[in-house]
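Heads up, query09.cif below (mmCIF, C-alpha atoms and all ligand atoms):
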```cif
data_query
loop_
_atom_site.label_atom_id
_atom_site.label_comp_id
_atom_site.auth_asym_id
_atom_site.auth_seq_id
_atom_site.Cartn_x
_atom_site.Cartn_y
_atom_site.Cartn_z
CA MET A 74 -5.38 10.03 17.55
CA SER A 75 -6.25 9.71 13.95
CA ILE A 76 -8.45 12.31 12.31
CA ILE A 77 -9.42 9.86 9.55
CA ASN A 78 -12.93 8.49 10.06
CA LYS A 79 -13.15 5.97 7.25
CA ALA A 80 -10.54 5.12 4.63
CA ALA A 81 -10.60 3.53 1.20
CA ALA A 82 -7.64 1.83 -0.48
CA ILE A 83 -7.77 1.49 -4.25
CA GLY A 84 -5.17 -1.12 -5.17
CA GLY A 85 -3.93 -3.62 -2.60
CA GLY A 86 -0.51 -4.70 -3.89
CA VAL A 87 2.78 -4.14 -2.10
CA ILE A 88 2.02 -0.49 -1.34
CA GLY A 89 -1.79 -0.56 -1.10
CA ALA A 90 -1.63 -3.43 1.41
CA GLY A 91 0.98 -1.49 3.38
CA TRP A 92 -1.44 1.46 3.63
CA VAL A 93 -4.26 -0.89 4.65
CA ALA A 94 -2.05 -2.31 7.41
CA ARG A 95 -1.08 1.11 8.80
CA LEU A 96 -4.70 2.30 8.76
CA LEU A 97 -6.21 -0.85 10.31
CA LEU A 98 -3.55 -0.94 13.01
CA ASN A 99 -4.55 2.62 13.89
CA GLY A 100 -8.11 1.40 14.43
CA ILE A 101 -9.47 2.91 11.21
CA ASP A 102 -12.03 1.03 9.08
CA VAL A 103 -10.85 0.50 5.50
CA SER A 104 -12.74 -0.45 2.40
CA ILE A 105 -10.52 -1.82 -0.34
CA PHE A 106 -11.00 -2.42 -4.07
CA ASP A 107 -8.54 -4.54 -6.05
CA PRO A 108 -9.65 -6.70 -9.02
CA ASP A 109 -6.92 -9.30 -8.37
CA PRO A 110 -8.65 -12.52 -7.18
CA GLU A 111 -5.60 -13.07 -4.95
CA ALA A 112 -5.88 -9.63 -3.34
CA ALA A 113 -7.39 -10.84 -0.04
CA ARG A 114 -4.65 -13.43 0.43
CA LYS A 115 -1.90 -10.93 -0.43
CA VAL A 116 -3.28 -8.24 1.90
CA GLY A 117 -3.59 -10.95 4.59
CA GLU A 118 0.14 -11.76 4.22
CA VAL A 119 1.11 -8.11 4.60
CA MET A 120 -1.22 -7.76 7.61
CA LYS A 121 0.50 -10.74 9.26
CA GLY A 122 3.89 -9.10 8.81
CA ALA A 123 2.62 -5.72 10.02
CA ARG A 124 0.97 -7.16 13.17
CA ARG A 125 4.18 -9.02 13.94
CA ALA A 126 6.22 -5.80 13.63
CA TYR A 127 3.75 -3.72 15.70
CA LYS A 128 3.75 -6.35 18.47
CA GLN A 129 7.46 -5.66 18.87
CA MET A 130 6.73 -1.95 19.17
CA LEU A 131 3.83 -2.51 21.58
CA PRO A 132 4.52 -5.60 23.71
CA ASP A 133 1.57 -4.70 26.01
CA GLY A 134 -0.99 -5.05 23.24
CA LEU A 135 -2.13 -3.45 20.01
CA PRO A 136 -5.08 -1.10 19.54
CA LYS A 137 -8.33 -2.62 18.39
CA GLU A 138 -7.96 -3.05 14.63
CA GLY A 139 -10.22 -1.29 12.18
CA LYS A 140 -12.56 -3.39 10.05
CA LEU A 141 -11.46 -4.35 6.52
CA THR A 142 -14.11 -4.69 3.81
CA PHE A 143 -13.45 -5.90 0.27
CA ALA A 144 -15.62 -3.84 -2.07
CA LYS A 145 -16.78 -5.05 -5.47
CA THR A 146 -16.35 -1.68 -7.17
CA ILE A 147 -14.45 1.55 -6.69
CA ALA A 148 -17.81 3.27 -6.20
CA ASP A 149 -18.64 1.02 -3.22
CA ALA A 150 -15.16 1.35 -1.74
CA VAL A 151 -15.09 5.15 -1.69
CA ALA A 152 -18.79 5.84 -0.98
CA ASP A 153 -18.41 6.99 2.65
CA ALA A 154 -14.66 7.52 2.95
CA ASP A 155 -13.04 10.78 4.00
CA PHE A 156 -9.54 9.58 3.05
CA ILE A 157 -8.83 7.63 -0.12
CA GLN A 158 -5.40 6.33 -1.11
CA GLU A 159 -4.85 5.19 -4.71
CA SER A 160 -2.06 2.60 -5.18
CA VAL A 161 -2.63 1.07 -8.62
CA PRO A 162 0.27 0.27 -11.01
CA GLU A 163 2.40 3.16 -12.26
CA ARG A 164 0.68 3.82 -15.61
CA LEU A 165 -0.80 7.22 -16.39
CA ASP A 166 -3.74 5.80 -18.40
CA LEU A 167 -4.69 3.52 -15.49
CA LYS A 168 -4.24 6.28 -12.90
CA HIS A 169 -6.56 8.46 -15.05
CA ARG A 170 -9.28 5.82 -15.24
CA VAL A 171 -9.12 5.00 -11.55
CA LEU A 172 -8.92 8.61 -10.34
CA ALA A 173 -11.84 9.62 -12.59
CA GLU A 174 -13.95 6.91 -10.98
CA ILE A 175 -12.85 7.75 -7.44
CA ASP A 176 -13.69 11.40 -8.13
CA LEU A 177 -17.12 10.52 -9.46
CA TYR A 178 -18.22 8.49 -6.43
CA ALA A 179 -16.26 9.82 -3.44
CA PRO A 180 -17.83 12.37 -1.07
CA ALA A 181 -16.94 15.88 -2.28
CA ASN A 182 -14.91 16.63 0.84
CA ALA A 183 -12.81 13.45 0.83
CA ILE A 184 -9.06 13.81 0.38
CA VAL A 185 -7.58 11.69 -2.42
CA GLY A 186 -3.92 10.68 -2.09
CA SER A 187 -1.97 8.93 -4.84
CA SER A 188 0.97 6.65 -4.01
CA THR A 189 2.61 7.32 -7.38
CA SER A 190 6.39 7.13 -7.30
CA GLY A 191 6.93 9.84 -9.86
CA ILE A 192 3.93 11.03 -11.90
CA LYS A 193 3.14 14.72 -11.44
CA PRO A 194 -0.22 15.37 -9.76
CA THR A 195 -1.05 17.99 -12.42
CA ASP A 196 -0.88 15.22 -15.03
CA MET A 197 -3.19 12.99 -12.98
CA GLN A 198 -5.84 15.46 -11.80
CA VAL A 199 -6.89 16.34 -15.36
CA ALA A 200 -8.93 13.12 -15.22
CA MET A 201 -10.90 14.32 -12.19
CA LYS A 202 -13.83 16.28 -13.56
CA LYS A 203 -15.62 17.06 -10.29
CA HIS A 204 -13.07 17.86 -7.60
CA PRO A 205 -9.48 17.82 -8.87
CA GLU A 206 -8.62 20.29 -6.11
CA ARG A 207 -8.54 17.50 -3.48
CA LEU A 208 -5.87 15.36 -5.15
CA VAL A 209 -2.42 15.20 -3.59
CA VAL A 210 0.45 12.85 -4.18
CA GLY A 211 1.09 11.01 -0.92
CA HIS A 212 4.23 9.11 -1.85
CA PRO A 213 5.15 6.53 0.80
CA PHE A 214 8.12 4.19 1.21
CA ASN A 215 7.95 0.43 1.57
CA PRO A 216 6.98 -0.97 4.11
CA VAL A 217 4.31 1.70 4.50
CA TYR A 218 3.22 0.41 7.93
CA LEU A 219 6.71 1.05 9.35
CA LEU A 220 8.50 3.77 7.38
CA PRO A 221 7.06 7.11 8.45
CA LEU A 222 7.97 9.32 5.49
CA VAL A 223 5.28 10.48 3.07
CA GLU A 224 6.11 13.07 0.40
CA ILE A 225 3.11 15.32 -0.25
CA VAL A 226 2.93 17.03 -3.62
CA GLY A 227 0.15 19.26 -4.93
CA GLY A 228 -0.67 19.85 -8.59
CA GLN A 229 -1.70 23.05 -10.35
CA GLN A 230 -5.34 22.48 -9.40
CA THR A 231 -4.72 21.32 -5.82
CA PHE A 232 -6.02 23.68 -3.13
CA PRO A 233 -3.51 24.56 -0.40
CA GLU A 234 -6.20 23.60 2.13
CA ALA A 235 -6.27 20.07 0.71
CA ILE A 236 -2.51 19.79 1.26
CA GLU A 237 -2.97 20.97 4.84
CA VAL A 238 -5.73 18.45 5.56
CA ALA A 239 -3.73 15.64 3.90
CA LYS A 240 -0.72 16.60 6.01
CA GLU A 241 -2.79 16.38 9.18
CA MET A 242 -4.33 13.09 8.13
CA TYR A 243 -0.98 11.41 7.36
CA ALA A 244 0.55 12.79 10.56
CA SER A 245 -2.38 11.42 12.57
CA ILE A 246 -1.42 7.87 11.57
CA GLY A 247 2.16 8.31 12.77
CA MET A 248 3.73 9.52 9.54
CA LYS A 249 6.22 12.28 8.78
CA PRO A 250 4.68 14.33 5.97
CA VAL A 251 7.13 16.44 3.98
CA VAL A 252 5.48 18.85 1.54
CA ILE A 253 7.51 19.15 -1.67
CA ARG A 254 7.70 22.82 -2.64
CA LYS A 255 7.70 22.42 -6.42
CA GLU A 256 6.10 19.73 -8.51
CA ILE A 257 8.69 17.65 -10.36
CA GLU A 258 8.73 14.09 -11.70
CA ALA A 259 9.88 11.52 -9.09
CA PHE A 260 9.72 14.20 -6.35
CA VAL A 261 12.74 14.18 -4.00
CA GLY A 262 13.12 10.67 -2.60
CA ASP A 263 12.97 8.82 -5.89
CA ARG A 264 15.14 11.39 -7.64
CA LEU A 265 17.87 10.65 -5.11
CA LEU A 266 17.29 6.90 -5.25
CA GLU A 267 17.36 6.92 -9.04
CA ALA A 268 20.73 8.69 -9.03
CA ALA A 269 22.20 6.08 -6.67
CA TRP A 270 20.55 3.25 -8.69
CA ARG A 271 22.16 4.46 -11.95
CA GLU A 272 25.60 4.53 -10.38
CA ALA A 273 24.98 1.08 -8.85
CA LEU A 274 24.03 -0.35 -12.28
CA TRP A 275 27.27 1.00 -13.76
CA LEU A 276 29.39 -0.39 -10.92
CA ILE A 277 27.92 -3.89 -11.37
CA LYS A 278 27.97 -3.78 -15.18
CA ASP A 279 31.62 -2.68 -15.21
CA GLY A 280 32.53 -5.51 -12.79
CA ILE A 281 33.81 -3.09 -10.12
CA CYS A 282 31.86 -4.90 -7.39
CA THR A 283 29.07 -7.46 -6.96
CA VAL A 284 25.57 -6.60 -5.74
CA GLU A 285 26.49 -8.03 -2.33
CA GLU A 286 29.66 -5.95 -2.05
CA LEU A 287 27.78 -2.83 -3.09
CA ASP A 288 25.11 -3.46 -0.44
CA ASP A 289 27.82 -4.05 2.18
CA ILE A 290 29.44 -0.75 1.27
CA MET A 291 26.11 0.93 1.99
CA ARG A 292 24.96 -0.94 5.08
CA TYR A 293 28.32 -1.09 6.92
CA GLY A 294 29.17 2.48 6.02
CA PHE A 295 27.25 5.55 4.97
CA GLY A 296 23.86 3.80 5.12
CA LEU A 297 24.11 3.84 8.92
CA ARG A 298 24.90 7.55 8.86
CA TRP A 299 22.06 8.37 6.46
CA ALA A 300 19.46 6.60 8.63
CA GLN A 301 19.98 8.99 11.49
CA MET A 302 21.25 12.27 10.05
CA GLY A 303 20.58 12.31 6.34
CA MET A 304 23.13 13.66 3.87
CA PHE A 305 23.76 17.33 4.67
CA GLN A 306 24.05 17.08 8.42
CA VAL A 307 26.46 14.15 8.05
CA TYR A 308 28.63 16.21 5.68
CA ARG A 309 28.50 19.17 8.04
CA VAL A 310 29.99 17.00 10.77
CA ALA A 311 32.48 15.52 8.27
CA GLY A 312 33.82 19.05 7.72
CA GLY A 313 35.26 18.97 11.24
CA GLU A 314 35.13 22.05 13.43
CA ALA A 315 34.88 24.33 10.43
CA GLY A 316 31.68 22.52 9.42
CA MET A 317 29.90 22.70 6.08
CA ARG A 318 31.96 25.46 4.45
CA HIS A 319 35.17 23.53 5.03
CA PHE A 320 33.56 20.33 3.77
CA MET A 321 32.46 22.04 0.57
CA ALA A 322 35.84 23.66 0.01
CA GLN A 323 37.53 20.28 0.44
CA PHE A 324 35.20 18.15 -1.70
CA GLY A 325 33.79 20.74 -4.10
CA PRO A 326 36.51 20.12 -6.71
CA CYS A 327 35.61 16.38 -6.94
CA LEU A 328 32.46 17.39 -8.77
CA LYS A 329 34.73 17.99 -11.75
CA TRP A 330 36.68 14.74 -11.33
CA PRO A 331 35.46 11.52 -12.95
CA TRP A 332 33.71 10.37 -9.76
CA THR A 333 30.38 9.79 -11.39
CA LYS A 334 28.85 8.35 -14.54
CA LEU A 335 25.53 9.87 -13.74
CA MET A 336 24.85 11.56 -17.05
CA ASP A 337 25.14 8.28 -18.84
CA VAL A 338 22.77 5.32 -18.45
CA PRO A 339 23.94 1.71 -18.98
CA GLU A 340 21.96 -0.21 -21.58
CA PHE A 341 19.33 -2.11 -19.62
CA ASN A 342 19.60 -5.33 -21.64
CA ASP A 343 19.05 -9.02 -20.76
CA GLU A 344 22.73 -9.44 -20.02
CA LEU A 345 22.68 -6.76 -17.31
CA VAL A 346 19.40 -8.03 -15.86
CA ASP A 347 20.80 -11.60 -15.70
CA LEU A 348 24.02 -10.44 -14.10
CA ILE A 349 22.20 -8.55 -11.36
CA ALA A 350 19.43 -11.11 -10.81
CA THR A 351 21.95 -13.98 -10.47
CA GLN A 352 24.14 -12.09 -8.04
CA SER A 353 21.07 -11.06 -6.07
CA ASP A 354 19.96 -14.74 -5.82
CA ASP A 355 23.41 -15.67 -4.47
CA GLN A 356 23.26 -12.82 -1.98
CA ALA A 357 19.91 -14.03 -0.57
CA HIS A 358 21.45 -17.40 0.48
CA GLY A 359 18.12 -19.15 -0.09
CA LEU A 360 16.03 -16.80 2.09
CA SER A 361 12.54 -16.26 0.66
CA ILE A 362 11.09 -12.78 0.09
CA ARG A 363 8.77 -13.27 3.10
CA GLU A 364 11.75 -14.26 5.30
CA LEU A 365 13.69 -11.23 4.08
CA GLU A 366 10.66 -9.02 4.82
CA LYS A 367 10.62 -10.26 8.42
CA ILE A 368 14.34 -9.56 8.79
CA ARG A 369 13.84 -6.09 7.25
CA ASP A 370 10.94 -5.29 9.60
CA ASP A 371 12.79 -6.51 12.72
CA ASN A 372 15.80 -4.40 11.76
CA LEU A 373 13.69 -1.31 11.10
CA VAL A 374 11.87 -1.59 14.42
CA ALA A 375 15.20 -2.13 16.20
CA ILE A 376 16.83 0.89 14.48
CA MET A 377 13.89 3.19 15.21
CA ASP A 378 13.68 1.88 18.77
CA ALA A 379 17.40 2.50 19.31
CA LEU A 380 17.05 6.04 17.89
CA SER A 381 14.04 6.67 20.15
CA LYS A 382 16.31 6.33 23.21
CA GLN A 383 18.94 8.81 22.00
CA ASN A 384 19.18 12.57 22.65
CA LYS A 385 18.84 12.24 26.44
CA GLY A 386 15.82 10.00 26.06
CA LYS A 387 13.91 12.46 23.83
CA GLY A 388 14.62 10.48 20.69
CA TRP A 389 16.45 11.58 17.53
CA GLY A 390 15.14 11.91 13.97
CA ALA A 391 12.84 9.04 13.01
CA GLY A 392 13.36 7.73 16.57
CA ALA A 393 11.67 10.79 18.12
CA LEU A 394 8.65 10.29 15.87
CA HIS A 395 8.67 6.54 16.61
CA LYS A 396 8.55 7.30 20.34
CA ASP A 397 5.47 9.52 19.90
CA TYR A 398 3.81 7.06 17.53
CA THR A 399 4.19 4.07 19.86
CA LYS A 400 2.88 6.23 22.74
CA GLN A 401 -0.15 7.20 20.61
CA LEU A 402 -0.83 3.55 19.73
CA ALA A 403 -0.42 2.41 23.34
CA LYS A 404 -2.96 5.04 24.41
CA LEU A 405 -5.34 3.82 21.73
CA ALA A 406 -4.78 0.20 22.83
CA ALA A 407 -5.57 1.12 26.44
CA LYS A 408 -8.85 2.78 25.45
CA LYS A 409 -11.98 0.72 26.16
CA PRO A 410 -13.91 0.07 22.95
CA ALA A 411 -16.56 2.77 22.78
CA SER A 412 -20.20 1.80 22.21
CA SER A 413 -21.01 2.17 18.54
CA LYS A 414 -23.40 5.08 19.27
CA ALA A 415 -20.78 6.95 21.26
CA ALA A 416 -18.18 6.20 18.59
CA ASP A 417 -20.45 7.52 15.85
CA LYS A 418 -21.08 10.69 17.85
CA ALA A 419 -17.37 11.18 18.43
CA LYS A 420 -16.65 10.70 14.74
CA ALA A 421 -19.35 13.16 13.73
CA THR A 422 -17.71 15.90 15.81
CA LYS A 423 -14.26 15.50 14.26
CA PRO A 424 -13.07 18.63 12.45
CA VAL A 425 -11.67 17.07 9.27
CA LYS A 426 -14.77 17.17 7.13
CA ALA A 427 -15.57 20.76 7.92
CA LYS A 428 -11.98 21.66 7.11
CA ALA A 429 -11.88 19.61 3.93
CA GLU A 430 -15.14 21.11 2.73
CA LYS A 431 -13.69 24.59 2.88
CA PRO A 432 -11.11 24.57 0.05
CA LYS A 433 -12.04 27.48 -2.17
CA LYS A 434 -8.87 29.33 -3.09
CA LYS A 435 -6.76 28.06 -5.95
CA LYS A 436 -3.11 27.32 -5.34
CA LYS A 437 -0.94 30.10 -6.70
CA GLY A 438 1.68 29.34 -9.37
N1 LIG A 501 6.76 -0.84 -4.67
C1 LIG A 501 7.31 0.24 -4.13
O1 LIG A 501 8.37 0.17 -3.48
C2 LIG A 501 6.62 1.57 -4.22
C3 LIG A 501 6.99 2.60 -3.31
C4 LIG A 501 6.30 3.80 -3.31
C5 LIG A 501 5.26 4.00 -4.23
N2 LIG A 501 4.93 3.02 -5.13
C6 LIG A 501 3.82 3.30 -6.05
O2 LIG A 501 2.65 2.66 -5.54
C7 LIG A 501 1.79 2.28 -6.62
C8 LIG A 501 1.48 0.79 -6.54
O3 LIG A 501 2.71 0.09 -6.61
P1 LIG A 501 2.88 -1.40 -6.02
O4 LIG A 501 4.35 -1.62 -5.90
O5 LIG A 501 2.00 -1.61 -4.85
O6 LIG A 501 2.32 -2.25 -7.25
P2 LIG A 501 1.69 -3.72 -7.22
O7 LIG A 501 1.78 -4.22 -8.61
O8 LIG A 501 2.29 -4.52 -6.11
O9 LIG A 501 0.16 -3.46 -6.84
C9 LIG A 501 -0.76 -2.82 -7.67
C10 LIG A 501 -2.12 -3.36 -7.32
O10 LIG A 501 -3.10 -2.62 -8.02
C11 LIG A 501 -4.11 -3.52 -8.43
N3 LIG A 501 -4.89 -2.94 -9.53
C12 LIG A 501 -4.66 -3.01 -10.87
N4 LIG A 501 -5.63 -2.36 -11.53
C13 LIG A 501 -6.49 -1.87 -10.60
C14 LIG A 501 -7.70 -1.12 -10.67
N5 LIG A 501 -8.22 -0.73 -11.83
N6 LIG A 501 -8.31 -0.79 -9.50
C15 LIG A 501 -7.80 -1.17 -8.32
N7 LIG A 501 -6.66 -1.89 -8.19
C16 LIG A 501 -6.01 -2.22 -9.32
C17 LIG A 501 -3.37 -4.78 -8.81
O11 LIG A 501 -4.21 -5.91 -8.82
C18 LIG A 501 -2.31 -4.84 -7.71
O12 LIG A 501 -2.75 -5.57 -6.58
C19 LIG A 501 2.51 2.70 -7.90
O13 LIG A 501 2.06 3.96 -8.30
C20 LIG A 501 3.97 2.76 -7.46
O14 LIG A 501 4.74 3.63 -8.25
C21 LIG A 501 5.56 1.81 -5.14
#
```

Translate the structure of the given file into structure tokens.
Ligand SMILES: NC(=O)c1ccc[n+]([C@@H]2O[C@H](COP(=O)([O-])OP(=O)(O)OC[C@H]3O[C@@H](n4cnc5c(N)ncnc54)[C@H](O)[C@@H]3O)[C@@H](O)[C@H]2O)c1
Amino acid sequence: MSIINKAAAIGGGVIGAGWVARLLLNGIDVSIFDPDPEAARKVGEVMKGARRAYKQMLPDGLPKEGKLTFAKTIADAVADADFIQESVPERLDLKHRVLAEIDLYAPANAIVGSSTSGIKPTDMQVAMKKHPERLVVGHPFNPVYLLPLVEIVGGQQTFPEAIEVAKEMYASIGMKPVVIRKEIEAFVGDRLLEAAWREALWLIKDGICTVEELDDIMRYGFGLRWAQMGMFQVYRVAGGEAGMRHFMAQFGPCLKWPWTKLMDVPEFNDELVDLIATQSDDQAHGLSIRELEKIRDDNLVAIMDALSKQNKGKGWGAGALHKDYTKQLAKLAAKKPASSKAADKAKATKPVKAKAEKPKKKKKG
């Protein structure tokens, strides 16, 4: 069960709405602030997609959804939240303004997570004058309501206790928190993705393959391996009986061969953008983004479901987590709605606040 009592989402675009969906579908009340007049409609679209995906995971019924409130200001949105997730556009000046305001009005013991794809938390928490120690990066992957991974990164002022509480909070809504040991730009996931993206841009620009062929090379080949074993375990197996050492001896020398253009970046001009955008339109065969989102969600649920049956029924990788998460949601769905008094009492006894209030020691190094 979730240990989050009340959540606030600041920013309700692609990622913010994904957080809202995951939280509401876990029965948690969310207050959202987004100045976009279209925000309610956009969040509604994402909620529709998320409900549809969760119904496939839980054919016997979903848990009672949390209540969504659209706040008029950041102050109103965060006033009584114990978990706040910031998902505004990736600009440091904007992150500073928004985080300063969250910090000013949020309860002192609330955890603040930022969805940033690559800005270091140390560079963001300087704007928080009251409690910078409770900021963590909580970097998710789209669609947030389905993909379990969240990279947690602390800054120089972040207390280790805040990282621990954040980890528990994310895990309690079915996620797989991975704490990144050292603070770097783009963390781990986006650093890897950026490397692959650079190579992909070269391959298209140089006319080696089209965007569709490149995607086929991923999804019919190593993409399937990555989804269930990652990179290193796959290579270990690829080394045959001698395992990783043999694999490294065999492929180590290629690092010196011209197998990569990684150090060089193609000029990102209109010509390259047109080339990729046109090929991408052809690849979509007229399917709209919303239709593609449905296909993506169905595929993700099917992959995680298939993985949940592996390993003698115990589940494997993301599938094992998926199995536990769907069990947790089914239990929540089966629970009779508690009377509001009983619910309030139950919430008041949850340990999160006491734990979050504690942070005193500064993170070393
Ligand atoms: N799109 C992705 O795949 C992805 C993945 C992981 C993390 N992220 C990160 O998540 C964050 C949000 O990205 P996104 O893709 O959802 O962007 P987006 O443009 O879809 O959404 C941003 C939202 O923030 C709102 N906003 C702007 N100013 C605001 C303010 N002052 N207060 C509150 N809301 C405000 C906008 O109206 C918009 O709805 C970024 O930091 C991004 O790097 C994005």

Kindly compile the residues surrounding ligand LIG 501 (chain A) within 7 Å, counting all atoms listed in the file, and format them as a PyMOL selection string.
chain A and resi 83-89+106-109+112+160-163+167+171+188-191+212-215

Min atom-atom distance to A:Leu208 from the set A:Met242, A:Ile157, A:Val223, A:Val346, counting all atoms listed in the file, belongs to A:Ile157

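Each of A:Ala269, A:Leu405, A:Ala80, A:Met302 was checked against A:Gly186 using only C-alpha atoms; the smallest atom-to-atom distance is that of A:Ala80.
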
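Nearest residue to A:Gly228 among A:Met197, A:Leu172, A:Val252, A:Met291 is A:Met197, counting only C-alpha atoms.
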
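You will find atom CA of A:Gln356 at 14.8 Å from atom CA of A:Arg369.
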
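Rounded to one decimal, atom CA of A:Lys203 and atom CA of A:Ala179 lie 10.0 Å from each other.
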
Please build the interface table for stretch 227-328 of chain A against stretch 399-404 of chain A with a cut-off of 12 Å, listing for each qualifying residue the nearest atom pair and the distance in Å to one decimal; count only C-alpha atoms, order rows by chain and increasing number, and write it as a Markdown table.
```
| residue | atom | partner | partner_atom | distance |
| --- | --- | --- | --- | --- |
| A:Ala244 | CA | A:Gln401 | CA | 11.5 |
| A:Ser245 | CA | A:Gln401 | CA | 9.4 |
| A:Ile246 | CA | A:Gln401 | CA | 9.2 |
| A:Gly247 | CA | A:Gln401 | CA | 8.2 |
| A:Met248 | CA | A:Thr399 | CA | 11.7 |
```

Atom CA of A:Gln229 to atom CA of A:Ala152 measures 26.0 Å

Give me the residues near A:Met130 as an NGL selection string, where near means some atom within 9 Å (using only C-alpha atoms) and where sequence neighbours in that chain fewer than 4 positions away do not count. :A and (126 or 374-375 or 378 or 399)

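Of the residues listed (A:Arg271, A:Ile101, A:Val307, A:Asp289), A:Arg271 shows the shortest atom-to-atom separation from A:Glu340; distances use all atoms listed in the file.
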
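Near A:Leu276, within a cut-off of 10 Å and counting all atoms listed in the file, sit the residues Trp270, Cys282, Thr283, Val284, Leu287, Lys334 and Pro339 of chain A, with same-chain residues fewer than 6 positions away left out.
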
Neighbourhood query: residues within 12 Å of (29.7, 19.3, 5.9), file coordinates, counting only C-alpha atoms; return as a compact mmCIF listing (two decimals) with C-alpha atoms, in the coordinates of the input.
```txt
# COMPACT_ATOMS: atom_id res chain seq x y z
CA MET A 302 21.25 12.27 10.05
CA GLY A 303 20.58 12.31 6.34
CA MET A 304 23.13 13.66 3.87
CA PHE A 305 23.76 17.33 4.67
CA GLN A 306 24.05 17.08 8.42
CA VAL A 307 26.46 14.15 8.05
CA TYR A 308 28.63 16.21 5.68
CA ARG A 309 28.50 19.17 8.04
CA VAL A 310 29.99 17.00 10.77
CA ALA A 311 32.48 15.52 8.27
CA GLY A 312 33.82 19.05 7.72
CA GLY A 313 35.26 18.97 11.24
CA GLU A 314 35.13 22.05 13.43
CA ALA A 315 34.88 24.33 10.43
CA GLY A 316 31.68 22.52 9.42
CA MET A 317 29.90 22.70 6.08
CA ARG A 318 31.96 25.46 4.45
CA HIS A 319 35.17 23.53 5.03
CA PHE A 320 33.56 20.33 3.77
CA MET A 321 32.46 22.04 0.57
CA ALA A 322 35.84 23.66 0.01
CA GLN A 323 37.53 20.28 0.44
CA PHE A 324 35.20 18.15 -1.70
CA GLY A 325 33.79 20.74 -4.10
```
